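K.L.:
I am sharing model10.pdb, which consists of PDB, C-alpha atoms and all ligand atoms:
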```pdb
MODEL        1
ATOM      1  CA  MET A   1       2.012 -23.714   5.266
ATOM      2  CA  LYS A   2       2.977 -21.104   7.852
ATOM      3  CA  LEU A   3       5.098 -19.134   5.392
ATOM      4  CA  ASN A   4       2.293 -19.250   2.826
ATOM      5  CA  LYS A   5      -0.103 -17.666   5.302
ATOM      6  CA  ILE A   6       2.369 -14.925   6.151
ATOM      7  CA  THR A   7       3.254 -14.288   2.494
ATOM      8  CA  SER A   8      -0.383 -14.071   1.452
ATOM      9  CA  SER A   9      -1.093 -11.691   4.355
ATOM     10  CA  LEU A  10       1.776  -9.474   3.224
ATOM     11  CA  ILE A  11       0.529  -9.460  -0.377
ATOM     12  CA  PHE A  12      -2.954  -8.572   0.870
ATOM     13  CA  VAL A  13      -1.593  -5.699   2.955
ATOM     14  CA  THR A  14       0.630  -4.385   0.147
ATOM     15  CA  SER A  15      -2.274  -4.346  -2.296
ATOM     16  CA  LEU A  16      -4.359  -2.368   0.234
ATOM     17  CA  MET A  17      -1.527   0.132   0.737
ATOM     18  CA  VAL A  18      -1.509   1.226  -2.899
ATOM     19  CA  ALA A  19      -5.276   0.980  -3.414
ATOM     20  CA  ASN A  20      -6.961   4.272  -4.318
ATOM     21  CA  ASN A  21      -9.002   5.943  -1.664
ATOM     22  CA  SER A  22     -11.931   8.276  -1.850
ATOM     23  CA  TYR A  23     -10.801  11.128   0.406
ATOM     24  CA  SER A  24     -10.648  14.689  -0.769
ATOM     25  CA  HIS A  25      -7.208  16.219  -0.279
ATOM     26  CA  ASP A  26      -8.557  18.715   2.270
ATOM     27  CA  TYR A  27      -9.801  15.949   4.527
ATOM     28  CA  LYS A  28      -6.453  14.119   4.491
ATOM     29  CA  THR A  29      -4.375  17.188   5.300
ATOM     30  CA  SER A  30      -6.456  17.719   8.435
ATOM     31  CA  LEU A  31      -5.292  14.334   9.792
ATOM     32  CA  ARG A  32      -2.560  14.145  12.417
ATOM     33  CA  PRO A  33      -0.014  11.355  12.860
ATOM     34  CA  ASP A  34      -1.005  11.193  16.537
ATOM     35  CA  ASP A  35      -4.775  11.047  16.072
ATOM     36  CA  HIS A  36      -4.324   7.307  16.314
ATOM     37  CA  ALA A  37      -3.029   5.995  19.659
ATOM     38  CA  PRO A  38       0.421   4.354  19.872
ATOM     39  CA  ILE A  39       0.310   1.152  17.769
ATOM     40  CA  GLY A  40       0.265  -1.152  20.817
ATOM     41  CA  VAL A  41      -3.184   0.268  21.703
ATOM     42  CA  MET A  42      -6.344  -1.018  20.018
ATOM     43  CA  ARG A  43      -9.928   0.275  20.031
ATOM     44  CA  ASP A  44      -8.842   3.941  20.416
ATOM     45  CA  HIS A  45     -10.900   5.543  17.635
ATOM     46  CA  VAL A  46     -14.082   5.263  15.589
ATOM     47  CA  HIS A  47     -14.579   5.962  11.880
ATOM     48  CA  LYS A  48     -16.944   8.166   9.930
ATOM     49  CA  LYS A  49     -19.989   6.488   8.414
ATOM     50  CA  GLY A  50     -18.968   4.321   5.433
ATOM     51  CA  GLU A  51     -15.216   4.550   6.156
ATOM     52  CA  PHE A  52     -13.216   1.312   6.097
ATOM     53  CA  MET A  53      -9.825   0.790   7.714
ATOM     54  CA  ALA A  54      -7.469  -2.158   7.301
ATOM     55  CA  SER A  55      -4.525  -2.832   9.588
ATOM     56  CA  TYR A  56      -1.674  -5.235  10.129
ATOM     57  CA  ARG A  57       0.300  -5.480  13.361
ATOM     58  CA  LEU A  58       3.198  -7.673  14.363
ATOM     59  CA  SER A  59       3.950  -7.885  18.058
ATOM     60  CA  TYR A  60       7.042  -9.577  19.422
ATOM     61  CA  MET A  61       7.651 -10.338  23.066
ATOM     62  CA  LYS A  62      10.792 -11.718  24.636
ATOM     63  CA  MET A  63      10.902 -13.362  28.042
ATOM     64  CA  ARG A  64      14.080 -14.555  29.709
ATOM     65  CA  GLY A  65      15.002 -15.444  33.257
ATOM     66  CA  LEU A  66      12.738 -16.484  36.117
ATOM     67  CA  ARG A  67      10.872 -14.568  38.738
ATOM     68  CA  ASN A  68       8.872 -15.509  41.811
ATOM     69  CA  GLY A  69       6.820 -12.712  43.294
ATOM     70  CA  ASP A  70       8.863  -9.497  43.048
ATOM     71  CA  ASP A  71      12.196 -11.314  43.044
ATOM     72  CA  LYS A  72      14.403 -12.836  40.387
ATOM     73  CA  VAL A  73      15.010 -16.572  40.796
ATOM     74  CA  THR A  74      17.899 -18.597  39.354
ATOM     75  CA  THR A  75      17.413 -21.671  37.177
ATOM     76  CA  ALA A  76      19.148 -23.699  39.908
ATOM     77  CA  ASP A  77      16.548 -22.493  42.462
ATOM     78  CA  ALA A  78      13.719 -23.572  40.157
ATOM     79  CA  LEU A  79      15.350 -26.953  39.472
ATOM     80  CA  ALA A  80      15.487 -27.609  43.230
ATOM     81  CA  SER A  81      11.658 -27.746  43.220
ATOM     82  CA  TYR A  82      10.871 -28.817  39.655
ATOM     83  CA  MET A  83      12.328 -31.320  37.179
ATOM     84  CA  VAL A  84      12.141 -28.725  34.392
ATOM     85  CA  ALA A  85      12.596 -24.944  34.350
ATOM     86  CA  PRO A  86      11.710 -22.672  31.435
ATOM     87  CA  THR A  87      14.645 -20.430  30.484
ATOM     88  CA  LYS A  88      13.486 -18.306  27.533
ATOM     89  CA  MET A  89      10.381 -17.682  25.463
ATOM     90  CA  THR A  90       9.549 -15.596  22.418
ATOM     91  CA  MET A  91       6.039 -14.890  21.243
ATOM     92  CA  LYS A  92       5.142 -13.437  17.861
ATOM     93  CA  MET A  93       1.624 -12.396  16.967
ATOM     94  CA  HIS A  94       0.493 -11.321  13.495
ATOM     95  CA  MET A  95      -2.802  -9.421  13.621
ATOM     96  CA  LEU A  96      -4.986  -8.527  10.640
ATOM     97  CA  GLY A  97      -7.743  -6.074  11.434
ATOM     98  CA  ALA A  98     -10.675  -4.383   9.720
ATOM     99  CA  MET A  99     -12.849  -1.494  10.942
ATOM    100  CA  TYR A 100     -16.033  -0.114   9.392
ATOM    101  CA  GLY A 101     -18.055   2.960  10.336
ATOM    102  CA  ILE A 102     -21.761   2.036  10.601
ATOM    103  CA  THR A 103     -22.614   5.593  11.678
ATOM    104  CA  ASP A 104     -20.356   8.507  12.684
ATOM    105  CA  GLN A 105     -20.569   7.222  16.287
ATOM    106  CA  LEU A 106     -20.656   3.423  15.856
ATOM    107  CA  THR A 107     -17.786   1.420  14.357
ATOM    108  CA  LEU A 108     -17.551  -2.360  14.066
ATOM    109  CA  SER A 109     -14.186  -4.090  13.981
ATOM    110  CA  ALA A 110     -12.829  -7.601  13.543
ATOM    111  CA  MET A 111      -9.349  -8.937  14.156
ATOM    112  CA  GLY A 112      -7.789 -12.282  13.307
ATOM    113  CA  SER A 113      -4.358 -13.433  14.399
ATOM    114  CA  PHE A 114      -1.583 -15.916  13.800
ATOM    115  CA  VAL A 115       0.561 -16.783  16.826
ATOM    116  CA  GLU A 116       4.063 -18.294  17.045
ATOM    117  CA  LYS A 117       5.541 -19.439  20.374
ATOM    118  CA  ASP A 118       9.016 -20.748  21.075
ATOM    119  CA  MET A 119      10.134 -21.841  24.546
ATOM    120  CA  ASP A 120      13.521 -23.078  25.783
ATOM    121  CA  HIS A 121      13.756 -25.242  28.895
ATOM    122  CA  ILE A 122      16.332 -27.006  30.966
ATOM    123  CA  HIS A 123      15.755 -30.473  32.443
ATOM    124  CA  ARG A 124      17.445 -31.346  35.740
ATOM    125  CA  THR A 125      19.147 -34.450  34.284
ATOM    126  CA  THR A 126      18.806 -34.431  30.495
ATOM    127  CA  GLY A 127      19.673 -30.785  29.803
ATOM    128  CA  GLU A 128      18.217 -28.241  27.376
ATOM    129  CA  PHE A 129      15.199 -28.747  25.146
ATOM    130  CA  ASN A 130      12.869 -26.591  23.075
ATOM    131  CA  ARG A 131       9.143 -26.549  22.274
ATOM    132  CA  GLU A 132       7.508 -24.606  19.438
ATOM    133  CA  THR A 133       3.871 -24.054  18.538
ATOM    134  CA  ASP A 134       2.176 -21.894  15.935
ATOM    135  CA  ASP A 135      -1.375 -21.578  14.685
ATOM    136  CA  ILE A 136      -4.314 -19.283  14.069
ATOM    137  CA  GLY A 137      -5.216 -17.429  17.286
ATOM    138  CA  ASP A 138      -8.519 -16.279  18.766
ATOM    139  CA  THR A 139     -10.703 -13.895  16.742
ATOM    140  CA  LYS A 140     -12.047 -10.660  18.210
ATOM    141  CA  ILE A 141     -15.074  -8.692  17.127
ATOM    142  CA  ASN A 142     -15.838  -5.282  18.609
ATOM    143  CA  ALA A 143     -18.466  -2.572  18.670
ATOM    144  CA  LEU A 144     -16.963   0.866  19.392
ATOM    145  CA  TYR A 145     -19.364   3.650  20.321
ATOM    146  CA  GLU A 146     -18.242   7.259  20.624
ATOM    147  CA  PHE A 147     -20.593   8.939  23.083
ATOM    148  CA  TYR A 148     -18.785  12.277  23.425
ATOM    149  CA  ASN A 149     -16.815  14.347  20.923
ATOM    150  CA  LYS A 150     -16.420  18.030  21.684
ATOM    151  CA  ASP A 151     -13.642  20.595  22.052
ATOM    152  CA  ALA A 152     -10.877  18.160  20.996
ATOM    153  CA  ASN A 153     -11.916  15.553  23.572
ATOM    154  CA  ARG A 154     -13.581  12.265  22.728
ATOM    155  CA  PHE A 155     -14.801   9.298  24.738
ATOM    156  CA  GLN A 156     -15.975   5.888  23.572
ATOM    157  CA  PHE A 157     -17.404   2.701  25.021
ATOM    158  CA  ASN A 158     -16.055  -0.529  23.577
ATOM    159  CA  LEU A 159     -17.690  -3.921  23.765
ATOM    160  CA  GLY A 160     -16.011  -6.938  22.226
ATOM    161  CA  LEU A 161     -16.353 -10.683  22.012
ATOM    162  CA  SER A 162     -13.391 -13.015  21.586
ATOM    163  CA  LEU A 163     -14.213 -16.214  19.692
ATOM    164  CA  PRO A 164     -12.214 -19.357  20.601
ATOM    165  CA  THR A 165     -10.718 -19.980  17.147
ATOM    166  CA  GLY A 166      -7.246 -20.609  18.613
ATOM    167  CA  ASN A 167      -5.965 -24.138  19.226
ATOM    168  CA  ILE A 168      -5.772 -25.425  22.854
ATOM    169  CA  ASP A 169      -4.739 -28.997  21.955
ATOM    170  CA  LYS A 170      -1.083 -28.430  21.085
ATOM    171  CA  LYS A 171       0.944 -31.567  21.864
ATOM    172  CA  HIS A 172       4.487 -32.857  21.781
ATOM    173  CA  ASN A 173       4.946 -36.617  21.172
ATOM    174  CA  GLY A 174       1.272 -37.116  21.986
ATOM    175  CA  THR A 175       1.462 -35.270  25.334
ATOM    176  CA  ARG A 176      -0.440 -32.025  25.794
ATOM    177  CA  LEU A 177       1.772 -28.972  26.264
ATOM    178  CA  PRO A 178       1.310 -26.700  29.336
ATOM    179  CA  TYR A 179      -0.899 -23.591  29.284
ATOM    180  CA  PRO A 180       1.641 -20.976  28.083
ATOM    181  CA  MET A 181       2.361 -23.003  24.910
ATOM    182  CA  GLN A 182      -1.309 -23.168  23.857
ATOM    183  CA  ILE A 183      -2.442 -20.708  21.176
ATOM    184  CA  GLY A 184      -6.012 -19.818  22.163
ATOM    185  CA  SER A 185      -7.967 -19.505  25.418
ATOM    186  CA  GLY A 186     -10.623 -22.003  24.347
ATOM    187  CA  SER A 187     -13.287 -19.749  25.901
ATOM    188  CA  TYR A 188     -15.653 -17.071  24.686
ATOM    189  CA  GLU A 189     -14.609 -13.795  26.271
ATOM    190  CA  LEU A 190     -16.392 -10.544  26.921
ATOM    191  CA  LEU A 191     -14.165  -7.520  26.261
ATOM    192  CA  PRO A 192     -15.629  -4.317  27.732
ATOM    193  CA  GLY A 193     -13.651  -1.088  27.717
ATOM    194  CA  ILE A 194     -13.705   2.683  27.816
ATOM    195  CA  SER A 195     -11.363   4.899  25.839
ATOM    196  CA  TYR A 196     -10.483   8.591  25.934
ATOM    197  CA  ALA A 197      -8.434  10.724  23.522
ATOM    198  CA  GLY A 198      -7.760  14.444  23.436
ATOM    199  CA  HIS A 199      -5.431  16.934  21.807
ATOM    200  CA  GLN A 200      -4.283  20.531  21.867
ATOM    201  CA  ASP A 201      -1.760  22.181  19.526
ATOM    202  CA  ASN A 202       1.091  19.725  19.091
ATOM    203  CA  LEU A 203       0.230  17.592  22.095
ATOM    204  CA  SER A 204      -2.181  14.679  22.368
ATOM    205  CA  TYR A 205      -3.042  12.219  25.112
ATOM    206  CA  GLY A 206      -5.373   9.383  25.875
ATOM    207  CA  GLY A 207      -6.221   6.501  28.125
ATOM    208  CA  GLN A 208      -8.068   3.231  28.229
ATOM    209  CA  ILE A 209      -9.464   0.720  30.691
ATOM    210  CA  ASN A 210     -10.052  -2.782  29.332
ATOM    211  CA  GLY A 211     -11.249  -6.080  30.739
ATOM    212  CA  THR A 212     -11.147  -9.657  29.474
ATOM    213  CA  PHE A 213     -13.774 -11.840  31.133
ATOM    214  CA  ARG A 214     -13.854 -15.545  30.228
ATOM    215  CA  LEU A 215     -17.469 -16.590  29.818
ATOM    216  CA  ASP A 216     -17.180 -20.383  29.779
ATOM    217  CA  THR A 217     -14.908 -23.265  30.772
ATOM    218  CA  ASN A 218     -13.156 -24.585  27.667
ATOM    219  CA  ASP A 219     -13.300 -28.133  26.241
ATOM    220  CA  ASN A 220     -10.141 -29.087  28.169
ATOM    221  CA  GLY A 221     -11.708 -28.275  31.557
ATOM    222  CA  TYR A 222     -10.268 -24.883  32.457
ATOM    223  CA  LYS A 223     -10.816 -21.172  32.111
ATOM    224  CA  LEU A 224      -7.839 -18.793  31.823
ATOM    225  CA  GLY A 225      -7.831 -16.042  34.448
ATOM    226  CA  ASP A 226      -9.612 -12.762  33.779
ATOM    227  CA  GLN A 227      -7.438  -9.850  32.670
ATOM    228  CA  TYR A 228      -7.489  -6.151  33.523
ATOM    229  CA  ASN A 229      -5.667  -3.454  31.613
ATOM    230  CA  ILE A 230      -5.201   0.261  32.255
ATOM    231  CA  THR A 231      -3.095   2.359  29.895
ATOM    232  CA  ALA A 232      -2.376   6.061  29.384
ATOM    233  CA  TRP A 233      -0.232   7.860  26.838
ATOM    234  CA  VAL A 234       0.990  11.259  25.707
ATOM    235  CA  ALA A 235       2.179  12.039  22.184
ATOM    236  CA  ARG A 236       3.869  15.011  20.593
ATOM    237  CA  LYS A 237       3.340  15.916  16.958
ATOM    238  CA  LEU A 238       6.754  16.886  15.531
ATOM    239  CA  THR A 239       5.644  17.494  11.932
ATOM    240  CA  ASN A 240       2.479  16.763   9.938
ATOM    241  CA  ALA A 241       3.977  13.317   9.284
ATOM    242  CA  PHE A 242       5.692  12.327  12.537
ATOM    243  CA  SER A 243       4.724  12.044  16.179
ATOM    244  CA  VAL A 244       6.430  10.430  19.144
ATOM    245  CA  SER A 245       4.712   8.936  22.167
ATOM    246  CA  SER A 246       5.299   7.503  25.585
ATOM    247  CA  ARG A 247       2.895   5.240  27.407
ATOM    248  CA  LEU A 248       2.352   3.418  30.665
ATOM    249  CA  ASP A 249       0.596   0.051  30.393
ATOM    250  CA  TYR A 250      -0.621  -1.920  33.410
ATOM    251  CA  ASN A 251      -1.782  -5.520  32.971
ATOM    252  CA  LYS A 252      -3.080  -7.958  35.543
ATOM    253  CA  ASN A 253      -3.747 -11.636  34.862
ATOM    254  CA  GLU A 254      -5.552 -13.843  37.349
ATOM    255  CA  ALA A 255      -4.850 -17.534  37.972
ATOM    256  CA  ILE A 256      -6.481 -20.275  35.897
ATOM    257  CA  GLU A 257      -9.771 -21.755  37.143
ATOM    258  CA  GLY A 258     -10.291 -25.494  36.754
ATOM    259  CA  ARG A 259      -7.505 -27.538  35.171
ATOM    260  CA  ASP A 260      -6.479 -29.469  32.087
ATOM    261  CA  SER A 261      -6.454 -33.054  33.434
ATOM    262  CA  ALA A 262      -4.090 -34.066  30.605
ATOM    263  CA  LEU A 263      -1.443 -32.169  32.596
ATOM    264  CA  ASP A 264      -2.135 -33.962  35.920
ATOM    265  CA  THR A 265       0.855 -36.315  35.691
ATOM    266  CA  MET A 266       3.156 -33.381  34.963
ATOM    267  CA  VAL A 267       1.780 -31.487  37.989
ATOM    268  CA  ASN A 268       1.891 -34.512  40.336
ATOM    269  CA  MET A 269       5.521 -35.221  39.428
ATOM    270  CA  ASN A 270       6.461 -31.544  39.976
ATOM    271  CA  MET A 271       7.680 -31.645  36.380
ATOM    272  CA  ASN A 272       7.283 -28.087  35.076
ATOM    273  CA  PRO A 273       5.914 -24.951  36.828
ATOM    274  CA  THR A 274       4.150 -23.930  33.570
ATOM    275  CA  ALA A 275       1.681 -26.812  34.090
ATOM    276  CA  LYS A 276       0.452 -25.438  37.453
ATOM    277  CA  THR A 277      -2.776 -23.445  37.266
ATOM    278  CA  SER A 278      -1.999 -21.481  40.433
ATOM    279  CA  LEU A 279       1.156 -19.991  38.878
ATOM    280  CA  GLN A 280      -0.478 -17.907  36.152
ATOM    281  CA  ASP A 281      -1.372 -14.952  38.384
ATOM    282  CA  GLN A 282       0.770 -11.968  37.434
ATOM    283  CA  GLU A 283       0.847  -8.210  37.076
ATOM    284  CA  ARG A 284       3.108  -5.937  35.106
ATOM    285  CA  LEU A 285       3.638  -2.242  34.470
ATOM    286  CA  ASP A 286       5.348  -1.461  31.149
ATOM    287  CA  LEU A 287       6.852   1.820  29.954
ATOM    288  CA  LEU A 288       6.722   2.160  26.177
ATOM    289  CA  PHE A 289       7.977   4.611  23.557
ATOM    290  CA  GLY A 290       6.518   4.904  20.081
ATOM    291  CA  VAL A 291       6.706   6.667  16.740
ATOM    292  CA  ASN A 292       3.710   7.239  14.440
ATOM    293  CA  PHE A 293       4.234   8.139  10.792
ATOM    294  CA  LEU A 294       1.441   9.370   8.521
ATOM    295  CA  MET A 295       2.343   9.457   4.812
ATOM    296  CA  PRO A 296       1.450  13.083   3.969
ATOM    297  CA  LYS A 297       1.398  12.900   0.162
ATOM    298  CA  GLY A 298       2.202  10.776  -2.869
ATOM    299  CA  PHE A 299       0.557   7.535  -3.912
ATOM    300  CA  LEU A 300       0.785   6.129  -0.367
ATOM    301  CA  GLU A 301      -0.907   9.230   1.094
ATOM    302  CA  GLY A 302      -2.859   8.498   4.263
ATOM    303  CA  ASN A 303      -1.017   5.256   5.042
ATOM    304  CA  ARG A 304       0.142   5.024   8.631
ATOM    305  CA  LEU A 305       3.218   3.189   9.885
ATOM    306  CA  ALA A 306       4.030   2.953  13.569
ATOM    307  CA  VAL A 307       6.381   1.263  16.003
ATOM    308  CA  GLU A 308       6.219   0.963  19.760
ATOM    309  CA  PHE A 309       8.844  -0.528  22.046
ATOM    310  CA  GLY A 310       8.627  -1.082  25.778
ATOM    311  CA  ALA A 311       9.846  -2.967  28.810
ATOM    312  CA  PRO A 312       8.470  -3.667  32.275
ATOM    313  CA  ILE A 313       9.325  -1.240  35.077
ATOM    314  CA  TYR A 314       7.515  -3.483  37.545
ATOM    315  CA  GLN A 315       6.452  -7.121  37.416
ATOM    316  CA  ARG A 316       5.160  -9.618  39.911
ATOM    317  CA  ILE A 317       4.630 -13.264  38.994
ATOM    318  CA  ASP A 318       3.477 -16.278  40.960
ATOM    319  CA  GLY A 319       6.447 -18.370  39.937
ATOM    320  CA  PRO A 320       8.991 -19.547  39.279
ATOM    321  CA  MET A 321       7.851 -18.378  35.826
ATOM    322  CA  LEU A 322       9.503 -16.469  32.982
ATOM    323  CA  GLU A 323       9.686 -12.692  33.308
ATOM    324  CA  THR A 324       9.193 -10.297  30.418
ATOM    325  CA  ASP A 325      12.249  -8.533  28.952
ATOM    326  CA  TYR A 326      10.691  -6.356  26.269
ATOM    327  CA  LYS A 327       7.883  -6.037  23.766
ATOM    328  CA  ILE A 328       7.791  -4.438  20.339
ATOM    329  CA  THR A 329       4.813  -3.777  18.067
ATOM    330  CA  ILE A 330       5.040  -2.598  14.467
ATOM    331  CA  GLY A 331       1.980  -1.823  12.444
ATOM    332  CA  TRP A 332       0.399  -0.427   9.345
ATOM    333  CA  GLN A 333      -3.051   1.160   8.964
ATOM    334  CA  ASN A 334      -4.911   2.664   6.017
ATOM    335  CA  THR A 335      -8.368   4.157   5.645
ATOM    336  CA  PHE A 336     -10.477   3.901   2.475
TER
HETATM  337 CU    CU B 401      -9.477   2.513  12.437
ENDMDL
END
```
Could you show the structure in this file as structure tokens?
P.N.:
Amino acid sequence: MKLNKITSSLIFVTSLMVANNSYSHDYKTSLRPDDHAPIGVMRDHVHKKGEFMASYRLSYMKMRGLRNGDDKVTTADALASYMVAPTKMTMKMHMLGAMYGITDQLTLSAMGSFVEKDMDHIHRTTGEFNRETDDIGDTKINALYEFYNKDANRFQFNLGLSLPTGNIDKKHNGTRLPYPMQIGSGSYELLPGISYAGHQDNLSYGGQINGTFRLDTNDNGYKLGDQYNITAWVARKLTNAFSVSSRLDYNKNEAIEGRDSALDTMVNMNMNPTAKTSLQDQERLDLLFGVNFLMPKGFLEGNRLAVEFGAPIYQRIDGPMLETDYKITIGWQNTF
């Protein structure tokens, strides 16, 4: 089932990669590898009227070890207060996106996702155990409006809505799993943002401010905390095909409001810190490095491939909760 979804996504993407496009050669050669932001950034550009872009991204995040506040915490410390401590988690997210230019200023976009989570734990008396969940994630639709584009500088307003298509009822042996193992938020979310990009000669740069505001309490009685994101990047064009980038990415997550009463027993028994709503407040500053590649000619002309890798240089977590080790995003984009 899961493999089928991934395989069919890959076939879909491959067929789009070799599909003919309607650009004149002159238009394509004016493109730069760095006129798209590093691949970990979304909503950074608009399209010309009638242009369609398809994209696929895979992001992978690894978390290992515990942290409380600014400090690292040992598993033994966590097991002194809780019956169970998480030890490691990986999160994979496949994202399929489409963008369409309604006018030269207004672009609409939609993104669907498939999420895989895998978490290792240790129990005070019974030892190690693992939980896995995977499913279709939340779906995001966006309107991107470029309100300024002059002298190699452009600004856009972004307004998105996240639809709660992701599962929040993931269970193990009939018992609901804690918040970090759920796939979706269960809430409608408003996603406002503002984005800037500029370039001169072989240099380009940009920045974004984004918010995620949960509009309603979900069917399980809680609302994930709001999120704030600020990011800024610089990129250097090395050739007409290659650019490299570095980026700072700040994320803040607030604590959960309300609670999933199916987790009450777990909380009352001090079972697992991941079941506590007060422990989801965290902030993180990541430093990332990326490469963008724009296929300059041949039958894959205009296809973009990009990778971005990064790790936290600062993180604070209301814990004991898992800390982030690193994050990698690979992606493909093509315009038709
Ligand atoms: Cu696009």
K.L.:
What are the closest atom pairs, with distances in Å to one decimal, for each residue of chain A lying within 8 Å of ligand CU 401 (chain B), using only C-alpha atoms and all ligand atoms, rows by chain and rising residue number, as CSV?
P.N.:
```
residue,atom,partner,partner_atom,distance
A:Arg43,CA,B:CU401,CU,7.9
A:His45,CA,B:CU401,CU,6.2
A:Val46,CA,B:CU401,CU,6.2
A:His47,CA,B:CU401,CU,6.2
A:Phe52,CA,B:CU401,CU,7.5
A:Met53,CA,B:CU401,CU,5.0
A:Ala54,CA,B:CU401,CU,7.2
A:Ser55,CA,B:CU401,CU,7.8
A:Ala98,CA,B:CU401,CU,7.5
A:Met99,CA,B:CU401,CU,5.4
A:Tyr100,CA,B:CU401,CU,7.7
A:Gln333,CA,B:CU401,CU,7.4
A:Asn334,CA,B:CU401,CU,7.9
A:Thr335,CA,B:CU401,CU,7.1
```
K.L.:
I'd like the neighbourhood of region 144-146 of chain A as a compact mmCIF listing (two decimals) with C-alpha atoms, in the coordinates of the input, where a residue qualifies if any of its atoms comes within 8 Å (using all atoms listed in the file), though same-chain residues fewer than 2 positions away should be ignored.
P.N.:
```
# COMPACT_ATOMS: atom_id res chain seq x y z
CA ARG A 43 -9.93 0.28 20.03
CA HIS A 45 -10.90 5.54 17.64
CA VAL A 46 -14.08 5.26 15.59
CA GLN A 105 -20.57 7.22 16.29
CA LEU A 106 -20.66 3.42 15.86
CA THR A 107 -17.79 1.42 14.36
CA LEU A 108 -17.55 -2.36 14.07
CA SER A 109 -14.19 -4.09 13.98
CA ASN A 142 -15.84 -5.28 18.61
CA TYR A 148 -18.78 12.28 23.42
CA ASN A 149 -16.82 14.35 20.92
CA ARG A 154 -13.58 12.26 22.73
CA PHE A 155 -14.80 9.30 24.74
CA GLN A 156 -15.98 5.89 23.57
CA PHE A 157 -17.40 2.70 25.02
CA ASN A 158 -16.06 -0.53 23.58
CA LEU A 159 -17.69 -3.92 23.76
```
K.L.:
Do you know which residues the PyMOL selection byres (((chain A and resi 281) around 8) and not hetatm) returns on this file, as an MDAnalysis selection string?
P.N.:
chainID A and resid 225 252:256 278:280 282:283 317:318
K.L.:
For the structure shown, which residues end up in the PyMOL selection byres (((chain A and resi 37) around 10) and not hetatm)? Put them as a ChimeraX atom specification, please?
P.N.:
/A:33-36,38-45,197,204-207,232-235,245,247,290,292,306
K.L.:
Within 12 Å of (-6.5, -33.3, 35.4), all atoms listed in the file: residues as an MDAnalysis selection string?
P.N.:
chainID A and resid 176 178 220:222 258:268 275:277
K.L.:
Can you tell me, as an mmCIF file with C-alpha atoms, keeping the file's coordinate frame, what residues are no more than 7 Å from Gly331 (chain A) when counting all atoms listed in the file, ignoring any on the same chain fewer than 3 positions away?
P.N.:
```cif
data_model
loop_
_atom_site.group_PDB
_atom_site.id
_atom_site.type_symbol
_atom_site.label_atom_id
_atom_site.label_comp_id
_atom_site.auth_asym_id
_atom_site.auth_seq_id
_atom_site.Cartn_x
_atom_site.Cartn_y
_atom_site.Cartn_z
ATOM 1 C CA ILE A 39 0.310 1.152 17.769
ATOM 2 C CA TYR A 56 -1.674 -5.235 10.129
ATOM 3 C CA ARG A 57 0.300 -5.480 13.361
ATOM 4 C CA LEU A 58 3.198 -7.673 14.363
ATOM 5 C CA LEU A 305 3.218 3.189 9.885
ATOM 6 C CA ALA A 306 4.030 2.953 13.569
ATOM 7 C CA VAL A 307 6.381 1.263 16.003
#
```
K.L.:
Could you give me, as an mmCIF file with C-alpha atoms, in the coordinates of the input, the residues within 7 Å of region 79-84 of chain A, counting all atoms listed in the file and dropping anything in the same chain fewer than 2 positions from it?
P.N.:
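File produced: result.cif:
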```cif
data_model
loop_
_atom_site.group_PDB
_atom_site.id
_atom_site.type_symbol
_atom_site.label_atom_id
_atom_site.label_comp_id
_atom_site.auth_asym_id
_atom_site.auth_seq_id
_atom_site.Cartn_x
_atom_site.Cartn_y
_atom_site.Cartn_z
ATOM 1 C CA THR A 75 17.413 -21.671 37.177
ATOM 2 C CA ALA A 76 19.148 -23.699 39.908
ATOM 3 C CA ASP A 77 16.548 -22.493 42.462
ATOM 4 C CA PRO A 86 11.710 -22.672 31.435
ATOM 5 C CA HIS A 121 13.756 -25.242 28.895
ATOM 6 C CA ILE A 122 16.332 -27.006 30.966
ATOM 7 C CA HIS A 123 15.755 -30.473 32.443
ATOM 8 C CA ARG A 124 17.445 -31.346 35.740
ATOM 9 C CA ASN A 270 6.461 -31.544 39.976
ATOM 10 C CA MET A 271 7.680 -31.645 36.380
ATOM 11 C CA ASN A 272 7.283 -28.087 35.076
ATOM 12 C CA PRO A 273 5.914 -24.951 36.828
#
```
K.L.:
Could you expand the PyMOL selection byres (((chain A and resi 210) around 8) and not hetatm) into the explicit residues it covers here, written as an mmCIF file with C-alpha atoms, in the coordinates of the input?
P.N.:
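Below is the file that was written, expr-v7.cif:
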```
data_model
loop_
_atom_site.group_PDB
_atom_site.id
_atom_site.type_symbol
_atom_site.label_atom_id
_atom_site.label_comp_id
_atom_site.auth_asym_id
_atom_site.auth_seq_id
_atom_site.Cartn_x
_atom_site.Cartn_y
_atom_site.Cartn_z
ATOM 1 C CA LEU A 191 -14.165 -7.520 26.261
ATOM 2 C CA PRO A 192 -15.629 -4.317 27.732
ATOM 3 C CA GLY A 193 -13.651 -1.088 27.717
ATOM 4 C CA ILE A 194 -13.705 2.683 27.816
ATOM 5 C CA GLN A 208 -8.068 3.231 28.229
ATOM 6 C CA ILE A 209 -9.464 0.720 30.691
ATOM 7 C CA GLY A 211 -11.249 -6.080 30.739
ATOM 8 C CA THR A 212 -11.147 -9.657 29.474
ATOM 9 C CA TYR A 228 -7.489 -6.151 33.523
ATOM 10 C CA ASN A 229 -5.667 -3.454 31.613
ATOM 11 C CA ILE A 230 -5.201 0.261 32.255
#
```
K.L.:
Using all atoms listed in the file, which of A:Asn153, A:Ser246, A:Ile102, A:Trp332 sits nearest Gly50 (chain A)?
P.N.:
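Under the stated criterion, the closest residue is A:Ile102.
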K.L.:
Counting all atoms listed in the file, figure out which residue out of A:Thr329, A:Gln200, A:Asn130, A:Asn68 gets nearest to Gly310 (chain A).
P.N.:
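Of A:Thr329, A:Gln200, A:Asn130, A:Asn68, the one nearest Gly310 (chain A), counting all atoms listed in the file, is A:Thr329.
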